[in-house]
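Text of query.cif, listed as mmCIF, C-alpha atoms:
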data_model
#
loop_
_atom_site.label_atom_id
_atom_site.label_comp_id
_atom_site.auth_asym_id
_atom_site.auth_seq_id
_atom_site.Cartn_x
_atom_site.Cartn_y
_atom_site.Cartn_z
CA MET A 232 -44.75 -119.05 -120.65
CA ILE A 233 -45.35 -115.63 -122.14
CA SER A 234 -43.11 -113.16 -123.89
CA VAL A 235 -44.16 -109.59 -124.52
CA SER A 236 -42.33 -107.13 -126.73
CA GLU A 237 -43.02 -103.42 -126.95
CA LEU A 238 -46.68 -103.96 -126.23
CA SER A 239 -48.98 -100.99 -125.95
CA PHE A 240 -52.68 -100.25 -126.13
CA GLU A 241 -54.34 -97.10 -127.43
CA ARG A 242 -57.71 -95.75 -126.47
CA TYR A 243 -59.04 -92.68 -128.28
CA PHE A 244 -55.69 -92.26 -130.07
CA GLU A 245 -53.81 -92.02 -126.80
CA ARG A 246 -51.63 -94.72 -125.28
CA VAL A 247 -53.09 -96.10 -122.07
CA PHE A 248 -49.62 -97.27 -121.00
CA GLU A 249 -46.12 -96.85 -122.42
CA PRO A 250 -44.82 -99.89 -124.37
CA VAL A 251 -43.64 -102.71 -122.12
CA SER A 252 -41.49 -105.78 -122.74
CA PHE A 253 -40.99 -108.74 -120.45
CA THR A 254 -40.72 -112.50 -120.42
CA VAL A 255 -42.20 -114.78 -117.81
CA ALA A 256 -40.54 -118.19 -117.44
CA PRO A 257 -42.18 -121.25 -115.86
CA GLY A 258 -41.98 -121.10 -112.09
CA SER A 259 -41.60 -117.34 -111.92
CA LEU A 260 -43.77 -114.52 -110.76
CA LEU A 261 -44.03 -111.10 -112.35
CA LEU A 262 -45.40 -108.21 -110.37
CA ILE A 263 -46.78 -105.27 -112.34
CA THR A 264 -46.90 -102.09 -110.32
CA GLY A 265 -48.05 -98.59 -111.09
CA ILE A 266 -50.26 -95.78 -109.94
CA ASN A 267 -54.05 -95.91 -110.27
CA GLY A 268 -55.17 -95.55 -113.85
CA CYS A 269 -51.79 -96.36 -115.39
CA GLY A 270 -53.22 -99.26 -117.37
CA LYS A 271 -52.50 -102.36 -115.25
CA THR A 272 -55.96 -103.82 -115.80
CA THR A 273 -55.86 -102.92 -119.50
CA LEU A 274 -52.49 -104.66 -119.89
CA LEU A 275 -53.84 -107.83 -118.28
CA ARG A 276 -56.95 -107.72 -120.44
CA VAL A 277 -54.76 -107.46 -123.53
CA LEU A 278 -52.69 -110.44 -122.38
CA ALA A 279 -55.87 -112.41 -121.64
CA GLY A 280 -57.03 -111.83 -125.19
CA LEU A 281 -60.01 -109.62 -124.35
CA LEU A 282 -58.45 -106.61 -126.11
CA GLU A 283 -56.29 -106.37 -129.22
CA PRO A 284 -52.90 -104.71 -128.72
CA SER A 285 -52.40 -101.51 -130.74
CA GLU A 286 -48.61 -101.82 -130.95
CA GLY A 287 -46.12 -104.59 -130.33
CA SER A 288 -46.95 -108.22 -129.82
CA PHE A 289 -47.01 -110.97 -127.27
CA HIS A 290 -46.75 -114.69 -127.49
CA CYS A 291 -48.46 -117.10 -125.12
CA ARG A 292 -47.85 -120.82 -125.14
CA GLN A 293 -51.42 -121.56 -124.13
CA ASN A 294 -54.53 -119.76 -122.99
CA PRO A 295 -53.98 -118.05 -119.65
CA LEU A 296 -56.38 -117.88 -116.75
CA TYR A 297 -57.59 -114.35 -116.09
CA ALA A 298 -59.08 -113.29 -112.78
CA GLY A 299 -60.21 -109.68 -113.00
CA HIS A 300 -62.12 -107.24 -110.88
CA HIS A 301 -65.46 -108.82 -111.72
CA PRO A 302 -65.87 -111.91 -109.56
CA ALA A 303 -68.09 -113.83 -112.04
CA ILE A 304 -70.36 -114.96 -109.22
CA LYS A 305 -74.12 -115.22 -109.75
CA ASP A 306 -76.09 -113.57 -106.97
CA ASP A 307 -78.89 -116.13 -107.19
CA LEU A 308 -76.72 -119.23 -106.95
CA SER A 309 -75.10 -120.60 -103.82
CA VAL A 310 -71.32 -120.75 -103.44
CA THR A 311 -71.38 -124.47 -104.22
CA GLU A 312 -73.58 -124.02 -107.29
CA ASN A 313 -71.37 -121.22 -108.57
CA ILE A 314 -68.21 -123.27 -108.23
CA ARG A 315 -69.83 -126.40 -109.66
CA PHE A 316 -70.97 -124.50 -112.74
CA MET A 317 -67.51 -123.04 -113.34
CA MET A 318 -65.97 -126.49 -112.94
CA LYS A 319 -68.36 -127.99 -115.46
CA PHE A 320 -68.14 -125.15 -117.95
CA MET A 321 -64.46 -124.34 -117.84
CA GLY A 322 -63.06 -127.76 -117.07
CA SER A 323 -61.51 -128.98 -113.86
CA LYS A 324 -58.75 -131.20 -112.58
CA ALA A 325 -61.28 -133.38 -110.76
CA ASN A 326 -60.77 -137.08 -111.24
CA GLY A 327 -63.89 -139.01 -110.37
CA ASP A 328 -65.76 -137.59 -107.42
CA GLU A 329 -66.50 -133.98 -108.38
CA ASP A 330 -68.63 -133.36 -105.28
CA ALA A 331 -65.83 -134.22 -102.90
CA PHE A 332 -63.37 -132.21 -104.97
CA CYS A 333 -65.70 -129.22 -104.91
CA ARG A 334 -66.09 -129.52 -101.13
CA SER A 335 -62.33 -129.66 -100.65
CA ILE A 336 -61.92 -126.50 -102.75
CA ILE A 337 -64.56 -124.64 -100.76
CA ASP A 338 -62.84 -125.79 -97.58
CA GLU A 339 -59.47 -124.58 -98.81
CA VAL A 340 -60.72 -121.09 -99.64
CA GLY A 341 -62.42 -120.96 -96.25
CA LEU A 342 -66.04 -120.75 -97.36
CA THR A 343 -67.38 -123.99 -95.83
CA ALA A 344 -69.62 -122.08 -93.42
CA VAL A 345 -71.34 -120.22 -96.27
CA ALA A 346 -71.21 -122.99 -98.89
CA GLN A 347 -75.00 -123.09 -99.21
CA GLN A 348 -75.56 -119.33 -99.03
CA GLU A 349 -76.55 -117.33 -102.07
CA GLY A 350 -73.94 -115.16 -103.77
CA ARG A 351 -75.78 -111.96 -102.86
CA THR A 352 -75.25 -112.57 -99.14
CA LEU A 353 -71.45 -112.80 -99.39
CA SER A 354 -69.17 -110.03 -98.20
CA ALA A 355 -66.67 -108.49 -100.61
CA GLY A 356 -63.85 -110.61 -99.18
CA GLN A 357 -65.91 -113.80 -99.39
CA ARG A 358 -66.71 -112.98 -103.03
CA LYS A 359 -63.02 -112.59 -103.73
CA ARG A 360 -62.33 -115.96 -102.10
CA CYS A 361 -65.13 -117.56 -104.13
CA SER A 362 -63.73 -116.22 -107.39
CA LEU A 363 -60.21 -117.28 -106.41
CA ALA A 364 -61.52 -120.84 -106.00
CA ARG A 365 -61.03 -121.07 -109.76
CA LEU A 366 -57.29 -121.16 -109.23
CA LEU A 367 -57.68 -124.47 -107.43
CA PHE A 368 -59.44 -126.41 -110.16
CA CYS A 369 -58.23 -124.76 -113.34
CA GLU A 370 -55.70 -126.39 -115.60
CA GLU A 371 -54.10 -123.27 -117.05
CA SER A 372 -50.44 -122.87 -116.21
CA LEU A 373 -50.26 -119.10 -116.63
CA TRP A 374 -52.34 -117.01 -114.26
CA LEU A 375 -53.13 -113.35 -114.84
CA LEU A 376 -54.35 -111.98 -111.51
CA ASP A 377 -55.64 -108.43 -111.32
CA GLU A 378 -55.27 -107.02 -107.80
CA PRO A 379 -55.80 -110.45 -106.25
CA TYR A 380 -55.25 -109.16 -102.72
CA SER A 381 -58.02 -106.57 -102.75
CA ASN A 382 -60.66 -107.13 -100.06
CA LEU A 383 -58.87 -110.17 -98.62
CA ASP A 384 -58.12 -110.38 -94.90
CA ARG A 385 -54.77 -111.52 -93.43
CA GLN A 386 -55.67 -115.22 -93.62
CA GLY A 387 -56.97 -114.75 -97.14
CA ILE A 388 -53.69 -113.18 -98.24
CA ASP A 389 -51.72 -116.05 -96.71
CA MET A 390 -54.08 -118.54 -98.38
CA LEU A 391 -53.54 -116.90 -101.78
CA ASP A 392 -49.77 -116.79 -101.27
CA GLY A 393 -49.89 -120.52 -100.46
CA ILE A 394 -51.89 -121.29 -103.60
CA MET A 395 -49.50 -119.28 -105.75
CA ARG A 396 -46.45 -120.87 -104.12
CA ARG A 397 -47.79 -124.33 -104.97
CA HIS A 398 -48.57 -123.26 -108.52
CA LEU A 399 -45.06 -121.89 -109.06
CA ASP A 400 -43.49 -125.03 -107.56
CA ASN A 401 -45.46 -127.09 -110.08
CA GLY A 402 -43.95 -125.12 -112.96
CA GLY A 403 -46.74 -122.59 -113.37
CA ALA A 404 -46.32 -118.86 -113.71
CA CYS A 405 -48.17 -115.80 -112.41
CA VAL A 406 -48.50 -112.25 -113.57
CA LEU A 407 -50.14 -110.08 -110.96
CA THR A 408 -50.85 -106.42 -110.59
CA THR A 409 -50.84 -104.29 -107.51
CA HIS A 410 -51.02 -100.57 -106.87
CA GLY A 411 -48.50 -100.83 -104.12
CA SER A 412 -49.66 -101.47 -100.59
CA LEU A 413 -50.07 -105.25 -100.75
CA ARG A 414 -47.34 -107.38 -102.26
CA PRO A 415 -46.69 -111.10 -102.46
CA ASN A 416 -44.79 -112.10 -99.34
CA GLY A 417 -41.56 -114.10 -99.52
CA PHE A 418 -41.50 -114.70 -103.26
CA GLU A 419 -38.60 -114.27 -105.59
CA LEU A 420 -40.17 -111.99 -108.12
CA ASP A 421 -39.55 -109.81 -111.13
CA GLU A 422 -41.07 -106.38 -111.10
CA CYS A 423 -42.24 -104.22 -113.93
CA GLU A 424 -43.39 -100.68 -113.34
CA LEU A 425 -45.99 -99.56 -115.80
CA GLN A 426 -45.89 -95.96 -117.02
CA SER A 427 -49.13 -94.27 -117.90
CA GLY A 428 -49.34 -93.24 -121.55
CA ARG A 429 -51.11 -90.02 -120.68
CA GLN A 430 -48.40 -87.43 -120.25
CA HIS A 431 -50.07 -85.32 -117.58
CA ASP A 432 -50.37 -88.38 -115.32
CA ASN A 433 -46.61 -88.84 -115.37
CA TRP A 434 -45.95 -85.16 -114.65
CA GLU A 435 -48.04 -85.40 -111.54
CA THR A 436 -45.96 -88.25 -110.16
CA THR A 437 -42.51 -86.83 -110.99
CA MET B 48 -58.48 -133.84 -116.87
CA SER B 49 -59.30 -131.89 -120.03
CA LYS B 50 -61.46 -129.12 -121.40
CA PRO B 51 -65.13 -130.14 -121.22
CA ASN B 52 -66.56 -130.95 -124.63
CA ALA B 53 -69.00 -128.58 -126.25
CA TYR B 54 -72.03 -130.70 -125.39
CA SER B 55 -71.41 -130.93 -121.66
CA ALA B 56 -70.58 -127.21 -121.47
CA PHE B 57 -73.85 -126.49 -123.30
CA VAL B 58 -75.82 -128.68 -120.89
CA ALA B 59 -74.12 -127.07 -117.89
CA LEU B 60 -75.02 -123.62 -119.21
CA VAL B 61 -78.67 -124.45 -119.91
CA ARG B 62 -79.04 -126.10 -116.50
CA ARG B 63 -77.52 -123.09 -114.75
CA ASP B 64 -79.80 -120.72 -116.68
CA LEU B 65 -82.91 -122.74 -115.87
CA LEU B 66 -81.93 -122.76 -112.20
CA LEU B 67 -81.36 -118.99 -112.31
CA ALA B 68 -84.71 -118.55 -114.04
CA TYR B 69 -86.39 -120.59 -111.31
CA ARG B 70 -84.73 -118.48 -108.59
CA ARG B 71 -85.93 -115.30 -110.31
CA ARG B 72 -89.35 -116.60 -111.31
CA ALA B 73 -91.14 -113.38 -110.34
CA GLU B 74 -89.12 -111.57 -113.01
CA LEU B 75 -90.14 -114.15 -115.59
CA LEU B 76 -93.82 -113.85 -114.85
CA GLN B 77 -93.84 -110.11 -115.54
CA PRO B 78 -93.76 -110.33 -119.37
CA LEU B 79 -96.50 -112.97 -119.26
CA PHE B 80 -98.73 -110.81 -117.10
CA PHE B 81 -97.95 -107.91 -119.42
CA LEU B 82 -99.16 -110.05 -122.31
CA LEU B 83 -102.37 -110.98 -120.47
CA VAL B 84 -103.06 -107.37 -119.48
CA VAL B 85 -102.50 -106.02 -123.01
CA ILE B 86 -104.91 -108.60 -124.43
CA THR B 87 -107.47 -107.76 -121.73
CA LEU B 88 -107.26 -104.04 -122.52
CA PHE B 89 -108.13 -104.45 -126.19
CA PRO B 90 -111.85 -105.24 -125.79
CA LEU B 91 -112.05 -102.28 -123.40
CA GLY B 92 -110.34 -100.01 -125.88
CA VAL B 93 -111.87 -100.96 -129.22
CA GLY B 94 -115.29 -101.97 -127.93
CA PRO B 95 -116.76 -105.37 -127.18
CA SER B 96 -117.96 -106.10 -130.70
CA LEU B 97 -117.24 -109.82 -131.16
CA SER B 98 -116.86 -109.64 -134.92
CA LEU B 99 -114.36 -106.79 -134.69
CA LEU B 100 -112.36 -108.60 -131.99
CA ALA B 101 -112.28 -111.78 -134.08
CA LYS B 102 -111.00 -109.78 -137.03
CA ILE B 103 -108.11 -108.13 -135.19
CA ALA B 104 -107.32 -111.12 -132.93
CA PRO B 105 -104.32 -112.58 -134.86
CA GLY B 106 -102.58 -109.22 -135.12
CA VAL B 107 -103.24 -108.22 -131.52
CA ILE B 108 -102.06 -111.52 -130.07
CA TRP B 109 -98.92 -111.52 -132.19
CA ILE B 110 -97.99 -107.91 -131.44
CA ALA B 111 -98.55 -108.51 -127.73
CA ALA B 112 -96.31 -111.59 -127.99
CA LEU B 113 -93.60 -109.50 -129.71
CA LEU B 114 -93.74 -106.87 -126.97
CA ALA B 115 -93.66 -109.45 -124.20
CA THR B 116 -90.63 -111.15 -125.77
CA VAL B 117 -88.71 -107.91 -126.18
CA LEU B 118 -89.43 -107.05 -122.54
CA SER B 119 -87.62 -110.16 -121.40
CA LEU B 120 -84.76 -109.90 -123.91
CA ASP B 121 -82.96 -107.02 -122.25
CA GLY B 122 -81.71 -109.19 -119.42
CA LEU B 123 -80.53 -111.97 -121.70
CA PHE B 124 -76.82 -111.19 -121.49
CA ARG B 125 -76.84 -108.21 -119.15
CA SER B 126 -76.33 -109.90 -115.79
CA ASP B 127 -73.61 -112.18 -117.17
CA PHE B 128 -71.93 -109.14 -118.69
CA GLU B 129 -72.07 -107.08 -115.52
CA ASP B 130 -70.75 -109.66 -113.09
CA GLY B 131 -67.93 -110.79 -115.36
CA THR B 132 -69.31 -114.25 -116.12
CA LEU B 133 -69.51 -113.48 -119.84
CA GLU B 134 -65.85 -112.48 -119.88
CA GLN B 135 -64.90 -115.76 -118.24
CA MET B 136 -67.08 -117.73 -120.66
CA VAL B 137 -65.36 -116.06 -123.61
CA LEU B 138 -61.94 -116.86 -122.16
CA SER B 139 -62.91 -120.44 -121.36
CA GLY B 140 -62.22 -121.37 -124.97
CA GLN B 141 -65.76 -122.67 -125.55
CA SER B 142 -67.36 -121.50 -128.77
CA LEU B 143 -69.13 -118.20 -128.29
CA ALA B 144 -71.87 -119.27 -130.70
CA LEU B 145 -72.57 -122.23 -128.43
CA ILE B 146 -72.90 -119.91 -125.44
CA ALA B 147 -75.25 -117.69 -127.47
CA LEU B 148 -77.34 -120.69 -128.50
CA GLY B 149 -77.50 -121.97 -124.92
CA ARG B 150 -78.74 -118.64 -123.60
CA THR B 151 -81.28 -118.38 -126.45
CA VAL B 152 -82.64 -121.89 -125.87
CA THR B 153 -83.23 -121.08 -122.20
CA HIS B 154 -84.81 -117.77 -123.11
CA TRP B 155 -87.27 -119.52 -125.39
CA LEU B 156 -88.05 -122.18 -122.76
CA VAL B 157 -88.86 -119.60 -120.08
CA ALA B 158 -90.28 -116.75 -122.19
CA GLY B 159 -91.43 -118.13 -125.55
CA LEU B 160 -92.90 -121.50 -124.64
CA PRO B 161 -95.26 -120.05 -121.97
CA ILE B 162 -96.67 -117.70 -124.64
CA VAL B 163 -97.39 -120.70 -126.89
CA LEU B 164 -99.07 -122.48 -123.99
CA LEU B 165 -101.13 -119.40 -123.07
CA SER B 166 -102.23 -118.74 -126.63
CA PRO B 167 -105.50 -120.78 -126.55
CA LEU B 168 -106.64 -118.65 -123.62
CA LEU B 169 -105.68 -115.44 -125.44
CA ALA B 170 -107.48 -116.63 -128.57
CA MET B 171 -110.61 -117.28 -126.54
CA TRP B 172 -110.48 -113.82 -124.96
CA MET B 173 -110.15 -112.24 -128.40
CA ASN B 174 -113.00 -114.40 -129.78
CA LEU B 175 -110.76 -115.95 -132.44
CA PRO B 176 -112.85 -118.53 -134.37
CA ASP B 177 -112.03 -122.17 -133.62
CA SER B 178 -110.71 -122.71 -137.13
CA GLY B 179 -107.94 -120.18 -136.44
CA MET B 180 -106.86 -121.59 -133.08
CA PRO B 181 -104.60 -124.49 -134.23
CA VAL B 182 -102.90 -122.26 -136.77
CA LEU B 183 -102.32 -119.54 -134.15
CA ILE B 184 -100.67 -122.11 -131.87
CA LYS B 185 -98.58 -123.46 -134.74
CA SER B 186 -97.53 -119.98 -135.83
CA LEU B 187 -96.48 -119.08 -132.29
CA ALA B 188 -94.64 -122.39 -131.87
CA LEU B 189 -92.68 -121.69 -135.06
CA GLY B 190 -92.34 -117.96 -134.50
CA THR B 191 -91.40 -117.48 -130.84
CA PRO B 192 -88.03 -119.31 -131.23
CA VAL B 193 -87.23 -116.90 -134.08
CA LEU B 194 -88.15 -113.98 -131.81
CA SER B 195 -85.66 -115.27 -129.21
CA LEU B 196 -82.93 -115.99 -131.78
CA ILE B 197 -83.12 -112.61 -133.52
CA GLY B 198 -83.68 -110.79 -130.24
CA ALA B 199 -80.48 -112.31 -128.86
CA ILE B 200 -78.51 -110.48 -131.56
CA GLY B 201 -80.03 -107.17 -130.43
CA GLY B 202 -79.49 -108.07 -126.78
CA ALA B 203 -75.84 -108.87 -127.45
CA LEU B 204 -75.27 -105.65 -129.41
CA THR B 205 -76.67 -103.44 -126.67
CA VAL B 206 -75.36 -105.34 -123.65
CA SER B 207 -72.59 -102.86 -122.90
CA LEU B 208 -74.95 -99.85 -122.90
CA LYS B 209 -76.40 -98.79 -119.59
CA ARG B 210 -79.94 -98.45 -120.93
CA GLY B 211 -79.81 -100.60 -124.00
CA GLY B 212 -83.36 -101.86 -123.78
CA GLN B 213 -85.01 -99.18 -125.87
CA LEU B 214 -82.28 -99.15 -128.50
CA MET B 215 -82.56 -102.92 -128.68
CA SER B 216 -86.30 -102.79 -129.40
CA LEU B 217 -85.63 -100.27 -132.18
CA LEU B 218 -83.05 -102.66 -133.62
CA VAL B 219 -85.06 -105.86 -133.50
CA PHE B 220 -88.63 -104.77 -134.27
CA PRO B 221 -87.91 -104.13 -137.98
CA LEU B 222 -86.41 -107.62 -138.19
CA TYR B 223 -89.62 -109.06 -136.75
CA VAL B 224 -91.80 -107.53 -139.48
CA PRO B 225 -91.69 -110.42 -142.01
CA LEU B 226 -92.50 -112.87 -139.24
CA LEU B 227 -95.44 -110.79 -138.05
CA ILE B 228 -96.86 -110.49 -141.57
CA LEU B 229 -96.55 -114.22 -142.28
CA ALA B 230 -97.98 -115.29 -138.93
CA THR B 231 -101.02 -113.01 -138.88
CA ASN B 232 -101.67 -113.75 -142.53
CA ALA B 233 -101.60 -117.50 -141.86
CA VAL B 234 -104.11 -117.20 -139.01
CA SER B 235 -106.42 -114.88 -140.97
CA SER B 236 -106.29 -117.25 -143.96
CA ALA B 237 -107.20 -120.20 -141.76
CA VAL B 238 -110.17 -118.29 -140.33
CA ALA B 239 -111.30 -117.40 -143.86
CA GLY B 240 -110.98 -121.04 -144.93
CA LEU B 241 -108.04 -120.39 -147.25
CA PRO B 242 -104.83 -122.45 -147.44
CA TYR B 243 -102.16 -121.33 -144.98
CA ASN B 244 -99.43 -123.93 -145.45
CA GLY B 245 -97.33 -121.59 -147.55
CA GLN B 246 -97.02 -119.03 -144.78
CA LEU B 247 -96.27 -121.66 -142.14
CA GLY B 248 -93.72 -123.23 -144.50
CA LEU B 249 -91.96 -119.90 -144.91
CA MET B 250 -91.99 -119.42 -141.14
CA PHE B 251 -90.41 -122.84 -140.73
CA ALA B 252 -87.73 -121.91 -143.24
CA GLY B 253 -87.15 -118.71 -141.27
CA LEU B 254 -86.79 -120.74 -138.08
CA ILE B 255 -84.17 -123.01 -139.67
CA ALA B 256 -82.28 -120.02 -141.05
CA ALA B 257 -82.36 -118.19 -137.71
CA LEU B 258 -81.35 -121.32 -135.81
CA THR B 259 -78.27 -121.85 -137.96
CA LEU B 260 -77.20 -118.23 -138.48
CA ALA B 261 -78.37 -116.16 -135.50
CA PRO B 262 -76.04 -117.77 -132.90
CA PHE B 263 -73.02 -116.75 -134.98
CA ALA B 264 -74.33 -113.20 -135.37
CA THR B 265 -74.98 -113.09 -131.61
CA ALA B 266 -71.45 -114.38 -130.94
CA ALA B 267 -69.97 -111.66 -133.16
CA ALA B 268 -72.09 -109.02 -131.39
CA LEU B 269 -70.97 -110.27 -127.98
CA LYS B 270 -67.34 -110.10 -129.04
CA LEU B 271 -67.90 -106.53 -130.19
CA SER B 272 -69.56 -105.56 -126.93
CA LEU B 273 -66.73 -107.00 -124.83
CA THR B 274 -63.93 -104.99 -126.46
#
What would you get if you wrote out this structure as structure tokens?
Amino acid sequence: MISVSELSFERYFERVFEPVSFTVAPGSLLLITGINGCGKTTLLRVLAGLLEPSEGSFHCRQNPLYAGHHPAIKDDLSVTENIRFMMKFMGSKANGDEDAFCRSIIDEVGLTAVAQQEGRTLSAGQRKRCSLARLLFCEESLWLLDEPYSNLDRQGIDMLDGIMRRHLDNGGACVLTTHGSLRPNGFELDECELQSGRQHDNWETT
Amino acid sequence: MSKPNAYSAFVALVRRDLLLAYRRRAELLQPLFFLLVVITLFPLGVGPSLSLLAKIAPGVIWIAALLATVLSLDGLFRSDFEDGTLEQMVLSGQSLALIALGRTVTHWLVAGLPIVLLSPLLAMWMNLPDSGMPVLIKSLALGTPVLSLIGAIGGALTVSLKRGGQLMSLLVFPLYVPLLILATNAVSSAVAGLPYNGQLGLMFAGLIAALTLAPFATAAALKLSLT
């Protein structure tokens, strides 16, 4: 799916994270861990193609899906309108009845009760669920998820684990970051600990 | 089962933006009221002499239109940038120039077109002679899309700055100068009974050039702002 060799990113002539290498095969899950500020988000943004790597290289078979900290939800549109727009703009797996497909997605992420409410009225967890709805209609086989568990409640975490399980069983792959406390439950996973490129950060932790 | 084609993505974007504009209609009315208020202040400031007002009318209306457009440009990409939608649009694989064009088209529909429609009223307030009225409308119809297209480049360049609005006006106003000269000159010529087709023709050429080139410049600026 994706192979990364000696990849690093510099900001203001200083490495954000130490060079990393890994390969993610279809059906596998890679967990990137590290302390706050060690460059997990930056690494994912490089892999998504939003930033150019300063050293090393990576090779992706196709464009990945990136779900970052920004939920990409418009405050003035309802949950349904938000999801419909993303389906139309980014492409969806819907065959035929898009309305019914959209409703089933909203149902699956547990937002049926607020489907007609505007984005501004959603709680942080509901926003996260709304942005994770993308995982259900996208066609990308590699997912880059940045702290996907943040703000989710217990049911939300189980829901996300279920979605990822299905994706992996269908031959997809996931790269996800976490700062430690919440981890995917019951997955066979590879782990990669990211080292901050700033030396003083590493002294503090050792 | 595949990536949506460019046309349907474009239509989806314009429809979303029009819906968003409708939901935030109070915000859209502000630049128009600004325009009306500025035009109303002029007779109070320079005196109610009808001949003087008629003489300065083309310039005043056009400068007020420039200011009103720039007021509404700051938000062109900002909200999409801040909530992460822009990032997702870039990653969606759709052409960035197409996204830029879509946003610009909506901006003109909600901010430029109302100015064109209001212009007869403004012309009346400024005592612009009847012979100048059709040319003023034509010049605004040709010119306001260019204001949106060029302004989008400035909006895209300053989108990642917290208070980019003022910097953006400094960037785009110099680019508006040729347009302002041509437009006011066309209207003044029409009032004086002179030919004005040359100026309008040049404005049309400017519109075609901006329409074909500005979306690519905006796309490049957006890419720069995102990294």
> For Thr352 in chain A, which of A:Glu283, A:Asp306, A:Asp389, A:Asp384 is the closest residue, counting only C-alpha atoms?
Replying inline: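 Selected residue with least distance to Thr352 in chain A: A:Asp306.
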> Do you have the CA of Ala112 in chain B-CA of Leu99 in chain B distance handy?
Replying inline: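 Going from CA of Ala112 in chain B over to CA of Leu99 in chain B covers 19.8 Å.
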> What separation in Å, quoted to one decimal, exists between CA of Leu391 in chain A and CA of Leu273 in chain B?
Replying inline: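 Computed distance, CA of Leu391 in chain A to CA of Leu273 in chain B, equals 28.3 Å.
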>> Just want the 8 Å neighbourhood of Cys333 in chain A, counted on only C-alpha atoms, with same-chain residues fewer than 2 positions away dropped. Output as an NGL selection string.
In response: :A and (311 or 314-315 or 329-331 or 335-337)
> Skipping near chain neighbours, those fewer than 5 positions away, what residues fall within 7 Å of range 160-163 of chain B using all atoms listed in the file, listed as a VMD selection string?
Replying inline: chain B and resid 112 155 184 187 to 188
>> I'd like to know which of B:Met215, B:Leu133, B:Ala115, B:Ala73 is closest to Gly202 in chain B, using all atoms listed in the file.
In response: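 Among B:Met215, B:Leu133, B:Ala115, B:Ala73, it is B:Met215 that comes nearest to Gly202 in chain B.
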> Do you know which residues are at most 10 Å from Leu138 in chain B counting all atoms listed in the file, after dropping those on the same chain fewer than 4 positions away, and could you put them as JSON, numbers by chain?
Replying inline: {"A": [279, 280, 281, 294, 295, 296, 297, 321], "B": [132, 133, 134, 142, 143]}
If you take all atoms listed in the file and a cut-off of 10 Å, which residues of chain B touch chain A, and what are their nearest atom pairs and distances in Å to one decimal, in chain and number order, as a tab-separated table?
residue	atom	partner	partner_atom	distance
B:Met48	CA	A:Lys324	CA	5.0
B:Ser49	CA	A:Gly322	CA	6.3
B:Lys50	CA	A:Gly322	CA	4.8
B:Pro51	CA	A:Gly322	CA	5.2
B:Asn52	CA	A:Gly322	CA	8.9
B:Ala53	CA	A:Phe320	CA	9.0
B:Ser55	CA	A:Lys319	CA	7.5
B:Ala56	CA	A:Phe320	CA	4.8
B:Phe57	CA	A:Phe320	CA	7.9
B:Val58	CA	A:Phe320	CA	8.9
B:Ala59	CA	A:Phe320	CA	6.3
B:Leu60	CA	A:Phe320	CA	7.2
B:Arg62	CA	A:Phe316	CA	9.0
B:Arg63	CA	A:Phe316	CA	7.0
B:Leu66	CA	A:Leu308	CA	8.2
B:Leu67	CA	A:Asp307	CA	6.4
B:Ala68	CA	A:Asp307	CA	9.3
B:Tyr69	CA	A:Asp307	CA	9.6
B:Arg70	CA	A:Asp307	CA	6.4
B:Arg71	CA	A:Asp307	CA	7.7
B:Ser126	CA	A:Lys305	CA	8.3
B:Asp127	CA	A:Ala303	CA	7.7
B:Phe128	CA	A:Ala303	CA	9.0
B:Glu129	CA	A:His301	CA	7.8
B:Asp130	CA	A:Ala303	CA	5.1
B:Gly131	CA	A:Ala303	CA	4.5
B:Thr132	CA	A:Ala303	CA	4.3
B:Leu133	CA	A:Ala303	CA	7.9
B:Glu134	CA	A:Leu281	CA	7.9
B:Gln135	CA	A:Ala303	CA	7.2
B:Met136	CA	A:Met321	CA	7.6
B:Val137	CA	A:Leu281	CA	8.4
B:Leu138	CA	A:Ala279	CA	7.5
B:Ser139	CA	A:Met321	CA	5.5
B:Gly140	CA	A:Met321	CA	8.0
B:Gln141	CA	A:Met321	CA	8.0
B:Lys270	CA	A:Leu281	CA	8.7
B:Leu273	CA	A:Leu281	CA	7.2
B:Thr274	CA	A:Leu282	CA	5.7
> Using the chain letters and numbers from the file, which residues does the PyMOL selection byres ((chain B and resi 120) around 8) grab, as an NGL selection string?
Replying inline: :B and (116-119 or 121-123 or 154 or 195 or 198-199 or 202)
Missing atoms in range 271-276 of chain A should be modelled up to N, CA and C atoms and reported as a short mmCIF file (atom, residue, chain, number, x, y, z; two decimals), in the coordinates of the input.
data_model
loop_
_atom_site.label_atom_id
_atom_site.label_comp_id
_atom_site.auth_asym_id
_atom_site.auth_seq_id
_atom_site.Cartn_x
_atom_site.Cartn_y
_atom_site.Cartn_z
N LYS A 271 -52.83 -100.99 -115.67
CA LYS A 271 -52.50 -102.36 -115.25
C LYS A 271 -53.59 -103.33 -115.68
N THR A 272 -54.85 -102.95 -115.42
CA THR A 272 -55.96 -103.82 -115.80
C THR A 272 -56.02 -103.98 -117.31
N THR A 273 -55.82 -102.86 -118.04
CA THR A 273 -55.86 -102.92 -119.50
C THR A 273 -54.79 -103.87 -120.02
N LEU A 274 -53.58 -103.78 -119.45
CA LEU A 274 -52.49 -104.66 -119.89
C LEU A 274 -52.89 -106.12 -119.70
N LEU A 275 -53.45 -106.44 -118.52
CA LEU A 275 -53.84 -107.83 -118.28
C LEU A 275 -54.95 -108.28 -119.23
N ARG A 276 -55.86 -107.36 -119.52
CA ARG A 276 -56.95 -107.72 -120.44
C ARG A 276 -56.43 -107.95 -121.85
#
